[in-house]
Every structure is written in structure tokens, then in C-alpha cells.
>>> print(open('query.cif').read())   # mmCIF, C-alpha atoms
data_input
#
loop_
_atom_site.label_atom_id
_atom_site.label_comp_id
_atom_site.auth_asym_id
_atom_site.auth_seq_id
_atom_site.Cartn_x
_atom_site.Cartn_y
_atom_site.Cartn_z
CA MET A 1 -53.42 4.54 20.80
CA ALA A 2 -52.54 8.01 19.61
CA MET A 3 -49.06 9.18 20.33
CA ALA A 4 -47.31 12.51 20.17
CA VAL A 5 -43.76 13.67 20.62
CA GLN A 6 -42.89 16.86 22.46
CA VAL A 7 -39.60 18.42 21.32
CA ALA A 8 -38.92 21.41 23.56
CA GLY A 9 -42.53 22.54 23.39
CA LEU A 10 -43.20 21.38 19.80
CA TRP A 11 -45.73 18.55 19.54
CA LEU A 12 -45.39 16.14 16.62
CA PRO A 13 -48.19 13.58 16.25
CA THR A 14 -47.18 10.07 15.18
CA SER A 15 -48.89 6.75 14.61
CA SER A 16 -48.86 4.04 17.26
CA THR A 17 -47.12 1.55 15.00
CA ALA A 18 -44.28 3.59 13.59
CA HIS A 19 -41.09 4.45 15.37
CA ILE A 20 -39.74 7.96 15.25
CA HIS A 21 -37.92 9.06 12.08
CA PHE A 22 -36.16 12.39 12.34
CA LEU A 23 -34.16 12.62 9.11
CA HIS A 24 -34.25 11.61 5.47
CA CYS A 25 -32.76 8.44 3.98
CA ARG A 26 -29.07 8.38 3.14
CA SER A 27 -29.66 9.41 -0.47
CA ASN A 28 -31.19 12.64 0.75
CA LEU A 29 -29.23 12.99 3.96
CA LYS A 30 -29.51 16.61 5.04
CA PRO A 31 -29.53 18.36 8.37
CA PRO A 32 -33.07 18.91 9.60
CA SER A 33 -34.56 22.24 8.67
CA SER A 34 -35.04 24.97 11.21
CA THR A 35 -38.80 24.63 10.75
CA ALA A 36 -38.89 20.92 11.44
CA LEU A 37 -36.54 21.06 14.39
CA SER A 38 -36.55 24.62 15.60
CA ALA A 39 -35.40 23.43 18.98
CA THR A 40 -32.19 21.88 17.67
CA ALA A 41 -29.55 24.28 18.91
CA SER A 42 -25.91 24.83 18.07
CA LEU A 43 -23.17 22.73 19.66
CA SER A 44 -22.82 25.31 22.40
CA SER A 45 -26.50 25.04 23.34
CA PRO A 46 -27.97 22.36 25.60
CA PRO A 47 -29.60 19.39 23.85
CA PRO A 48 -33.35 19.61 23.24
CA THR A 49 -35.74 18.01 25.68
CA ILE A 50 -37.42 15.04 24.01
CA GLN A 51 -40.43 13.45 25.65
CA ILE A 52 -42.51 10.51 24.44
CA VAL A 53 -46.17 10.81 25.36
CA GLY A 54 -48.37 7.75 25.11
CA GLY A 55 -45.62 5.14 24.62
CA GLY A 56 -42.93 4.60 21.98
CA ARG A 57 -39.16 5.04 21.93
CA SER A 58 -36.94 8.05 22.29
CA PRO A 59 -34.19 8.52 19.73
CA SER A 60 -31.84 10.04 22.26
CA TRP A 61 -29.02 7.76 23.44
CA TYR A 62 -27.97 10.26 26.08
CA GLU A 63 -31.17 10.25 28.10
CA ASN A 64 -31.39 8.53 31.45
CA GLY A 65 -34.77 7.12 30.56
CA ASN A 66 -35.30 3.59 29.36
CA GLY A 67 -35.47 3.23 25.57
CA ASN A 68 -36.26 0.10 23.59
CA LEU A 69 -33.19 -1.07 21.67
CA ASP A 70 -34.92 -3.67 19.53
CA GLY A 71 -33.76 -3.62 15.90
CA PHE A 72 -35.74 -1.80 13.22
CA GLN A 73 -37.79 -3.68 10.65
CA GLY A 74 -36.45 -3.96 7.13
CA GLU A 75 -32.74 -3.83 6.32
CA ASP A 76 -33.02 -0.95 3.85
CA ASP A 77 -34.82 1.17 6.40
CA ASP A 78 -32.22 0.20 9.01
CA TRP A 79 -29.39 1.72 7.00
CA CYS A 80 -31.39 4.85 6.19
CA ASP A 81 -32.39 5.38 9.79
CA LEU A 82 -29.00 4.56 11.26
CA ASP A 83 -27.22 7.58 9.82
CA THR A 84 -30.19 9.83 10.49
CA GLU A 85 -30.33 8.91 14.16
CA LEU A 86 -26.54 9.06 14.39
CA TYR A 87 -26.74 12.66 13.20
CA HIS A 88 -28.85 13.55 16.24
CA TRP A 89 -26.77 11.52 18.69
CA THR A 90 -23.65 13.45 17.66
CA LYS A 91 -25.38 16.75 18.39
CA GLN A 92 -25.24 15.89 22.07
CA LEU A 93 -21.50 15.16 22.14
CA ARG A 94 -18.47 17.39 22.12
CA PRO A 95 -17.05 17.63 18.59
CA VAL A 96 -14.44 15.06 17.60
CA GLN A 97 -11.42 16.94 16.20
CA TRP A 98 -7.84 15.74 15.75
CA TYR A 99 -5.13 17.58 13.86
CA PRO A 100 -1.60 16.77 15.12
CA GLY A 101 1.14 19.24 14.26
CA HIS A 102 2.86 16.99 11.70
CA ILE A 103 -0.26 16.81 9.50
CA ALA A 104 -0.18 20.46 8.40
CA LYS A 105 3.45 20.18 7.30
CA THR A 106 2.87 16.83 5.61
CA GLU A 107 -0.21 18.04 3.78
CA LYS A 108 1.74 20.84 2.12
CA GLU A 109 4.57 18.48 1.12
CA LEU A 110 2.15 15.83 -0.10
CA LYS A 111 0.30 18.23 -2.38
CA ASN A 112 3.62 19.13 -4.01
CA GLN A 113 4.61 15.48 -4.39
CA LEU A 114 1.25 14.54 -5.91
CA LYS A 115 2.08 16.76 -8.88
CA LEU A 116 4.85 14.28 -9.74
CA MET A 117 2.65 11.18 -9.44
CA ASP A 118 1.61 9.00 -12.37
CA VAL A 119 -0.94 7.14 -10.26
CA VAL A 120 -2.53 7.97 -6.90
CA ILE A 121 -3.52 5.05 -4.69
CA GLU A 122 -6.12 6.17 -2.17
CA VAL A 123 -6.58 3.79 0.77
CA ARG A 124 -9.80 3.77 2.77
CA ASP A 125 -11.21 1.69 5.60
CA ALA A 126 -13.60 -0.88 4.10
CA ARG A 127 -15.85 -0.57 7.16
CA ILE A 128 -16.42 3.15 6.53
CA PRO A 129 -15.44 3.98 2.92
CA MET A 130 -17.31 7.28 2.80
CA SER A 131 -16.11 8.55 6.18
CA THR A 132 -12.45 7.86 5.28
CA SER A 133 -12.65 9.91 2.08
CA HIS A 134 -10.84 13.25 2.41
CA PRO A 135 -13.07 16.11 1.17
CA GLN A 136 -10.13 17.71 -0.71
CA MET A 137 -8.79 14.52 -2.30
CA ASP A 138 -10.46 14.98 -5.69
CA LEU A 139 -9.05 18.50 -5.91
CA TRP A 140 -5.52 17.32 -5.03
CA ILE A 141 -5.55 14.40 -7.46
CA GLY A 142 -7.04 16.34 -10.36
CA ASN A 143 -6.88 14.38 -13.63
CA ARG A 144 -4.30 11.87 -12.44
CA LYS A 145 -5.18 8.22 -12.57
CA ARG A 146 -6.52 6.84 -9.34
CA VAL A 147 -6.86 3.42 -7.75
CA LEU A 148 -9.15 3.12 -4.74
CA VAL A 149 -8.14 0.52 -2.15
CA LEU A 150 -10.66 -0.63 0.44
CA ASN A 151 -8.40 -2.12 3.08
CA ARG A 152 -9.50 -4.48 5.86
CA GLU A 153 -11.83 -6.40 3.59
CA ASP A 154 -11.53 -9.23 6.11
CA MET A 155 -13.42 -7.07 8.61
CA ILE A 156 -16.64 -6.75 6.59
CA SER A 157 -19.17 -9.29 5.38
CA THR A 158 -19.43 -10.61 1.84
CA THR A 159 -22.71 -8.73 1.49
CA ASP A 160 -21.02 -5.44 2.42
CA ARG A 161 -18.13 -6.14 0.06
CA ASN A 162 -20.43 -6.88 -2.86
CA ALA A 163 -22.50 -3.78 -2.19
CA TRP A 164 -19.43 -1.52 -2.31
CA ALA A 165 -17.95 -3.31 -5.33
CA THR A 166 -21.18 -2.74 -7.24
CA TYR A 167 -21.38 0.90 -6.17
CA PHE A 168 -17.84 1.82 -7.23
CA ALA A 169 -18.13 -0.13 -10.49
CA ARG A 170 -21.22 1.93 -11.27
CA GLU A 171 -19.25 5.07 -10.44
CA GLY A 172 -16.48 4.02 -12.84
CA THR A 173 -13.89 3.85 -10.05
CA LYS A 174 -11.24 1.13 -10.12
CA VAL A 175 -11.33 -0.51 -6.70
CA VAL A 176 -9.14 -3.14 -5.06
CA PHE A 177 -10.18 -4.90 -1.84
CA SER A 178 -7.22 -5.74 0.35
CA ASN A 179 -6.08 -7.12 3.66
CA GLY A 180 -2.88 -5.31 4.57
CA LYS A 181 -2.03 -7.72 7.37
CA LEU A 182 -2.18 -10.86 5.25
CA GLY A 183 -1.24 -9.29 1.93
CA MET A 184 -4.45 -10.15 0.06
CA GLY A 185 -4.94 -7.76 -2.84
CA ALA A 186 -1.40 -6.34 -2.64
CA MET A 187 -0.05 -7.96 -5.81
CA LYS A 188 -3.20 -7.08 -7.74
CA LEU A 189 -2.72 -3.48 -6.67
CA GLY A 190 0.88 -3.47 -7.92
CA ARG A 191 -0.14 -4.84 -11.31
CA LEU A 192 -3.00 -2.37 -11.63
CA ALA A 193 -0.78 0.62 -10.78
CA ARG A 194 1.73 -0.41 -13.45
CA ALA A 195 -1.00 -1.01 -16.03
CA LEU A 196 -2.64 2.37 -15.44
CA ALA A 197 0.67 4.18 -15.89
CA ALA A 198 1.89 2.10 -18.84
CA ASP A 199 1.48 5.05 -21.21
CA VAL A 200 3.99 7.11 -19.21
CA ASN A 201 7.01 5.51 -20.84
CA VAL A 202 5.27 5.35 -24.21
CA LYS A 203 5.07 9.14 -24.17
CA ARG A 204 8.65 9.43 -22.92
CA LYS A 205 9.89 7.20 -25.71
CA ALA A 206 8.06 9.33 -28.28
CA LYS A 207 9.95 12.33 -26.92
CA GLY A 208 13.26 10.51 -27.11
CA LEU A 209 13.53 10.10 -23.34
CA LEU A 210 14.67 7.02 -21.45
CA PRO A 211 12.04 4.99 -19.56
CA ARG A 212 11.67 5.51 -15.83
CA ALA A 213 9.90 3.82 -12.95
CA VAL A 214 6.19 4.48 -12.48
CA ARG A 215 5.54 6.79 -9.52
CA ALA A 216 2.60 5.92 -7.30
CA GLY A 217 1.59 7.90 -4.23
CA ILE A 218 -0.27 6.11 -1.44
CA VAL A 219 -2.55 8.45 0.47
CA GLY A 220 -5.41 8.24 2.94
CA TYR A 221 -6.61 8.84 6.49
CA PRO A 222 -4.60 7.76 9.55
CA ASN A 223 -4.52 4.06 10.44
CA VAL A 224 -6.26 2.80 7.29
CA GLY A 225 -3.32 0.49 6.53
CA LYS A 226 -1.19 2.40 4.00
CA SER A 227 2.21 1.37 5.42
CA SER A 228 1.12 -2.23 5.99
CA LEU A 229 0.02 -2.43 2.38
CA ILE A 230 3.43 -1.20 1.16
CA ASN A 231 5.22 -3.70 3.39
CA ARG A 232 3.13 -6.50 1.91
CA LEU A 233 3.87 -5.31 -1.61
CA LEU A 234 7.60 -5.29 -0.90
CA LYS A 235 7.42 -8.51 1.15
CA ARG A 236 9.57 -6.89 3.82
CA ARG A 237 9.15 -4.26 6.51
CA MET A 238 10.20 -1.00 4.90
CA CYS A 239 7.67 1.33 6.52
CA ALA A 240 6.79 1.67 10.18
CA ALA A 241 3.32 0.29 10.81
CA ALA A 242 1.22 -0.18 13.94
CA PRO A 243 -2.53 -0.52 14.67
CA ARG A 244 -2.94 3.07 15.84
CA PRO A 245 -3.20 6.48 14.15
CA GLY A 246 -0.19 8.77 13.71
CA VAL A 247 2.67 6.22 13.40
CA THR A 248 3.90 7.45 10.00
CA ARG A 249 4.97 11.09 10.35
CA GLU A 250 6.94 11.87 7.19
CA LEU A 251 6.90 11.12 3.47
CA LYS A 252 9.05 8.20 2.39
CA TRP A 253 9.91 6.85 -1.08
CA VAL A 254 10.39 3.09 -1.48
CA HIS A 255 11.24 1.09 -4.60
CA PHE A 256 9.20 -1.90 -5.74
CA GLY A 257 11.46 -3.54 -8.30
CA LYS A 258 12.90 -1.41 -11.07
CA ASP A 259 9.63 -0.22 -12.54
CA LEU A 260 7.56 1.05 -9.60
CA GLU A 261 8.28 3.68 -6.94
CA LEU A 262 5.88 4.09 -4.02
CA LEU A 263 5.44 7.13 -1.80
CA ASP A 264 4.29 6.30 1.72
CA SER A 265 2.63 9.24 3.45
CA PRO A 266 1.27 10.02 6.92
CA GLY A 267 -2.48 9.96 7.37
CA ILE A 268 -4.09 13.22 6.29
CA LEU A 269 -7.20 14.62 7.97
CA PRO A 270 -9.08 17.89 7.38
CA MET A 271 -8.05 20.65 9.77
CA ARG A 272 -11.65 20.67 10.98
CA ILE A 273 -14.03 17.73 10.54
CA SER A 274 -17.38 19.31 9.79
CA ASP A 275 -19.21 15.99 9.38
CA GLN A 276 -19.41 14.74 12.95
CA THR A 277 -21.30 11.62 11.91
CA ALA A 278 -18.17 10.63 9.98
CA ALA A 279 -15.96 11.68 12.90
CA ILE A 280 -17.82 9.33 15.26
CA LYS A 281 -17.27 6.45 12.83
CA LEU A 282 -13.56 7.30 12.61
CA ALA A 283 -13.38 7.08 16.40
CA ILE A 284 -15.26 3.77 16.51
CA CYS A 285 -12.93 2.24 13.91
CA ASP A 286 -9.78 3.66 15.57
CA ASP A 287 -8.95 5.81 12.53
CA ILE A 288 -8.43 8.96 14.59
CA GLY A 289 -6.42 9.73 17.71
CA GLU A 290 -8.00 8.61 20.99
CA ARG A 291 -7.34 11.99 22.60
CA SER A 292 -9.90 13.54 20.27
CA TYR A 293 -12.95 11.86 21.80
CA GLY A 294 -14.52 10.57 24.98
CA VAL A 295 -14.27 6.78 24.97
CA ALA A 296 -17.48 6.33 26.99
CA ASP A 297 -19.48 8.52 24.62
CA ILE A 298 -18.21 6.75 21.50
CA ALA A 299 -18.87 3.31 23.00
CA ALA A 300 -22.42 4.37 23.89
CA VAL A 301 -23.05 5.43 20.29
CA LEU A 302 -21.58 2.13 19.05
CA VAL A 303 -23.96 0.18 21.27
CA GLN A 304 -26.88 2.11 19.80
CA MET A 305 -25.65 1.36 16.27
CA LEU A 306 -25.06 -2.35 16.89
CA THR A 307 -28.52 -2.91 18.34
CA ARG A 308 -30.01 -1.46 15.16
CA LEU A 309 -28.07 -3.64 12.73
CA PRO A 310 -29.92 -6.86 11.84
CA SER A 311 -26.64 -8.77 11.61
CA VAL A 312 -25.83 -7.92 15.24
CA GLY A 313 -28.80 -6.77 17.29
CA VAL A 314 -29.49 -6.98 20.99
CA LYS A 315 -28.88 -10.74 21.21
CA ALA A 316 -25.22 -10.42 20.23
CA LEU A 317 -24.61 -7.97 23.09
CA ASN A 318 -26.54 -10.20 25.48
CA CYS A 319 -24.43 -13.21 24.54
CA ARG A 320 -21.13 -11.35 24.61
CA TYR A 321 -21.47 -9.74 28.03
CA LYS A 322 -23.93 -12.13 29.72
CA MET A 323 -26.24 -9.31 30.75
CA ASP A 324 -29.65 -8.04 29.72
CA VAL A 325 -29.49 -5.21 27.16
CA ASP A 326 -33.21 -4.65 26.55
CA GLY A 327 -34.66 -1.40 27.79
CA HIS A 328 -31.39 0.55 28.13
CA CYS A 329 -29.87 3.34 26.11
CA GLY A 330 -26.22 3.17 25.04
CA LYS A 331 -24.92 5.29 27.89
CA THR A 332 -26.85 3.28 30.46
CA PHE A 333 -25.59 0.04 28.93
CA VAL A 334 -21.94 1.15 29.29
CA GLN A 335 -22.57 2.13 32.92
CA LYS A 336 -24.28 -1.18 33.62
CA LEU A 337 -21.42 -3.09 31.97
CA ALA A 338 -18.95 -1.16 34.13
CA VAL A 339 -20.68 -2.38 37.28
CA HIS A 340 -21.11 -5.89 35.88
CA MET A 341 -17.49 -6.48 34.82
CA PHE A 342 -15.17 -3.60 35.77
CA ASN A 343 -15.97 -2.55 39.35
CA GLY A 344 -17.79 0.54 38.14
CA ASP A 345 -15.02 1.78 35.81
CA SER A 346 -16.95 3.20 32.85
CA HIS A 347 -13.78 3.96 30.89
CA GLN A 348 -12.66 0.33 30.98
CA ALA A 349 -16.16 -0.86 30.07
CA ALA A 350 -16.34 1.53 27.13
CA PHE A 351 -12.87 0.55 25.91
CA ARG A 352 -13.87 -3.14 26.05
CA VAL A 353 -16.91 -2.52 23.84
CA LEU A 354 -14.83 -0.60 21.28
CA SER A 355 -12.04 -3.18 21.39
CA ASP A 356 -14.50 -6.04 20.91
CA PHE A 357 -15.96 -4.35 17.84
CA ARG A 358 -12.51 -3.68 16.36
CA LYS A 359 -11.55 -7.33 16.90
CA GLY A 360 -14.72 -8.63 15.26
CA LYS A 361 -16.29 -10.08 18.40
CA PHE A 362 -19.74 -9.05 17.13
CA GLY A 363 -19.04 -10.38 13.65
CA TRP A 364 -17.39 -8.63 10.71
CA ILE A 365 -19.66 -5.77 9.70
CA ALA A 366 -19.44 -2.45 7.92
CA LEU A 367 -20.84 0.69 9.51
CA GLU A 368 -21.77 2.17 6.13
CA ARG A 369 -23.62 1.07 3.03
CA PRO A 370 -23.34 2.77 -0.39
CA PRO A 371 -25.46 5.86 -0.99
CA ARG A 372 -28.62 5.16 -2.95
#
>>> encode(input="query.cif", output="C-alpha cells")
Amino acid sequence: MAMAVQVAGLWLPTSSTAHIHFLHCRSNLKPPSSTALSATASLSSPPPTIQIVGGGRSPSWYENGNGNLDGFQGEDDDWCDLDTELYHWTKQLRPVQWYPGHIAKTEKELKNQLKLMDVVIEVRDARIPMSTSHPQMDLWIGNRKRVLVLNREDMISTTDRNAWATYFAREGTKVVFSNGKLGMGAMKLGRLARALAADVNVKRKAKGLLPRAVRAGIVGYPNVGKSSLINRLLKRRMCAAAPRPGVTRELKWVHFGKDLELLDSPGILPMRISDQTAAIKLAICDDIGERSYGVADIAAVLVQMLTRLPSVGVKALNCRYKMDVDGHCGKTFVQKLAVHMFNGDSHQAAFRVLSDFRKGKFGWIALERPPR
């Protein structure tokens, strides 16, 4: 049966067997052109009207209509399509922005301190390594030696871990996988930081100077586990740490033996997050302040993402909440869950979905795969 899609007056014919693809694969991820999606408006404009004629599935999670949430076919295509659909879902939400007052002050101080560093240790969330990469980090670090830490390795699968390890090895980046809570990877990180900066004292000796401790700055987004990692390195609680963004609010030097000094720093975010796909992932993984987003909206997007991942899918949601998920968009699912378990309270239902993901109730999975 022939099928066509009407996007605000624009008809796009499709085949009866293919689902709707709106964007390119991750390797060519670009916003849709004005020609292809002339109806896609700015954030201040209302979302485009999307109508399926002759059957099929709508890509819009925000519609009130019933959409089929069955997983896509083919894992490679799943990861390509996931980010492309996420791009369109975010167009219908208010922008996620979070820039507490202490960040601006800290950013200026941190940039000055980085000039004194021998090694920079950048910590990212292993579930979303690309989204927790600061766009200015390369500029700040310059030619200094860098160690990349993917923290929370216990919250992703072995397949995800291997995929990222291969990617960064190909990029020539030294990467350490860690678990800040249990201390896995902490000692390896300490040894690697010392080894990378071993030539510091060689040069000082050649100049007739006394040796000094290696200086390593630990930087990254909020709540990626920087302070927990330092505490595990030191084997004692020297830095305030809690499972929420914004706990560390000032720079702090700590000593690790006589030959390594560590600089703990508050999480640094861009003043304005232009990539809203990344911002949504930060919200899902609790790497940005909760005041910056609507919990119900973020939970609805998460539901849409989980149903499209082969390792999770619709069945995992069915089993977890003992309710039928088929035929409902993310927003409708959250509303239905609210009635089913929380006396109609959508906020509580949405928070439960996010909390369950963060605690691994759907399995340990990454929300990103390496670019192709």
C-alpha cells in the first residue's frame, strides 16, 4: 500500500515497508536543510503538524495520537536513527539550559590554573561520552598532556565499553574506564598521570632545579564523578561528593603522596548549550541541574529512546511497570503510568522512570555509541 507523509502541507512519499527517517546517520549528523523540512520552525514557533496517511508511524513523541513503539530493525540503524529522531523530539521542548552563578567565576579561575598543569584529567560520563565533552576543552588544554576518564563504567554494557575503547584508541586518546564509587580504575589513573608527566622533573633537573610534585587538574561536567574519583585515589574523603550536580563550588588542591597534586574543580558547562540533543541526555543522566528541564518531558523522551534500543525495548518497560506499552508515545506512556501507579501525578511517574534508568533497572546501557 502506498503511503505518504504530510508535513505542514508538504507531502513526502514513502514505501510501505520502511519507517520514517528524517535525518542522516550519526557520522553525517546535520540539522535538516530548509528545503527538506521547510516547515521546521525556530524554537519560538509551534511544532510542525505531522500526519501519516495510509498507515505507518509518526516520529513525534509529543503527539496525542497512537504511535507504534516497536524497536527498529538492525542495531546499526538503531543508533543512527536514535539521534536523528531525538533531534526532532527536542525541537518540541523548551531548551534545556543551566548555568549557576558559581560556574562563570570558576571557569575563569580554572582556565588560569590549567596553565600550571602538567597533566589534565578530563572526566566524562561513560553513558554519554560525547555529550559530556565541553566544546571549549581542547582550546583550554592546548598542548598539555591529557588523560580521558570514562567514569561509571559499571553503568554500561561490555559491548558499549569495548566500542568506546576501540574508538578512543583509534583517535590516539589515552582513556581510563573507572567506577568512582568502588574505586575501580583510580590507581591506574594515578600511575598514568605520573607516567605522562615524568619528563617534568627531568627538564627541571637539566635546568638545575629541584624536583616537584606532578600537577594534575581534574575537569569535567557536573556530576560526572570528579570528586568521588579523587576520594578513591586518596582512600579518604577529601572532597565533597554527592549524586547530584553542583556540589563542588570552588577549586581545591589535594595532595596524593609527595609526587602528585590534584586540583578538584566544580563542573563546568557552556554558558549556552547549543546542542539540545546533548542537553536532553545530560538531563536523563542527571548531569545537569533538575531546575533546567521539565521532568515529564525528559522522561517521555527517555521512554521513546528505550523502546528503540534492542537491549531494552518495549518488553522491558512492560515487565517493569506491569502495563501495556504498545501503541503509546512517550508522553502518553508517562500519563498512563501516572494513573496506573501514582494517582494521576505525572511528575512522580516521570521521576520514577528517570530514577529507574539511573539505577539500572532497565539494564546497564549507554545512550551513545562512537561516531562512525
>>> closest_residue(input="query.cif", among="A:Val325, A:Leu82, A:Leu262, A:Ala299", to="A:Asp356", atoms="only C-alpha atoms")
A:Ala299
>>> atom_distance(input="query.cif", atom1="atom CA of A:Val334", atom2="atom CA of A:Arg369")
26.3 Å
>>> atom_distance(input="query.cif", atom1="atom CA of A:Ile128", atom2="atom CA of A:Lys281")
7.2 Å
>>> atom_distance(input="query.cif", atom1="atom CA of A:Glu122", atom2="atom CA of A:Leu302")
26.6 Å
>>> resolve_selection(input="query.cif", expression="the PyMOL selection byres ((chain A and resi 168) around 12)", output="list in words")
Pro129, Met130, Val147, Leu148, Val149, Leu150, Arg161, Asn162, Ala163, Trp164, Ala165, Thr166, Tyr167, Ala169, Arg170, Glu171, Gly172, Thr173, Lys174, Val175, Val176, Phe177, Arg369, Pro370 and Pro371 of chain A
>>> residues_around(input="query.cif", residues="A:Asp259", least_positions_apart="4", cutoff="8 Å", atoms="only C-alpha atoms", output="PyMOL selection string")
chain A and resi 194+212-214
>>> closest_residue(input="query.cif", among="A:Asp199, A:Glu250, A:Asp287, A:Asp81", to="A:Gly220", atoms="only C-alpha atoms")
A:Asp287
>>> closest_residue(input="query.cif", among="A:Met184, A:Cys329, A:Leu251, A:Val353", to="A:Ile103", atoms="all atoms listed in the file")
A:Leu251
>>> closest_residue(input="query.cif", among="A:Ile284, A:Val202, A:Ile156, A:Val339", to="A:Asp297", atoms="all atoms listed in the file")
A:Ile284
>>> closest_residue(input="query.cif", among="A:Arg94, A:Thr106, A:Trp253, A:Val120", to="A:Val295", atoms="all atoms listed in the file")
A:Arg94
>>> closest_residue(input="query.cif", among="A:Gln304, A:Asn179, A:Gln136, A:Gln92", to="A:Met155", atoms="all atoms listed in the file")
A:Asn179
>>> resolve_selection(input="query.cif", expression="the PyMOL selection byres ((chain A and resi 363) around 9)", output="MDAnalysis selection string")
chainID A and resid 155:157 311:312 357 359:362 364:365
>>> axis_aligned_box(input="query.cif", around="stretch 184-188 of chain A", padding_each_side="5 Å", output="AutoDock Vina command-line options")
--center_x -2.5 --center_y -8.2 --center_z -3.8 --size_x 14.9 --size_y 13.8 --size_z 17.8
>>> resolve_selection(input="query.cif", expression="the PyMOL selection byres ((chain A and resi 277) around 7)", output="PDB file with C-alpha atoms, keeping the file's coordinate frame")
ATOM      1  CA  LEU A  86     -26.540   9.060  14.390  1.00  0.00           C
ATOM      2  CA  TYR A  87     -26.740  12.660  13.200  1.00  0.00           C
ATOM      3  CA  THR A  90     -23.650  13.450  17.660  1.00  0.00           C
ATOM      4  CA  ASP A 275     -19.210  15.990   9.380  1.00  0.00           C
ATOM      5  CA  GLN A 276     -19.410  14.740  12.950  1.00  0.00           C
ATOM      6  CA  ALA A 278     -18.170  10.630   9.980  1.00  0.00           C
ATOM      7  CA  ALA A 279     -15.960  11.680  12.900  1.00  0.00           C
ATOM      8  CA  ILE A 280     -17.820   9.330  15.260  1.00  0.00           C
ATOM      9  CA  LYS A 281     -17.270   6.450  12.830  1.00  0.00           C
TER      10      LYS A 281
END
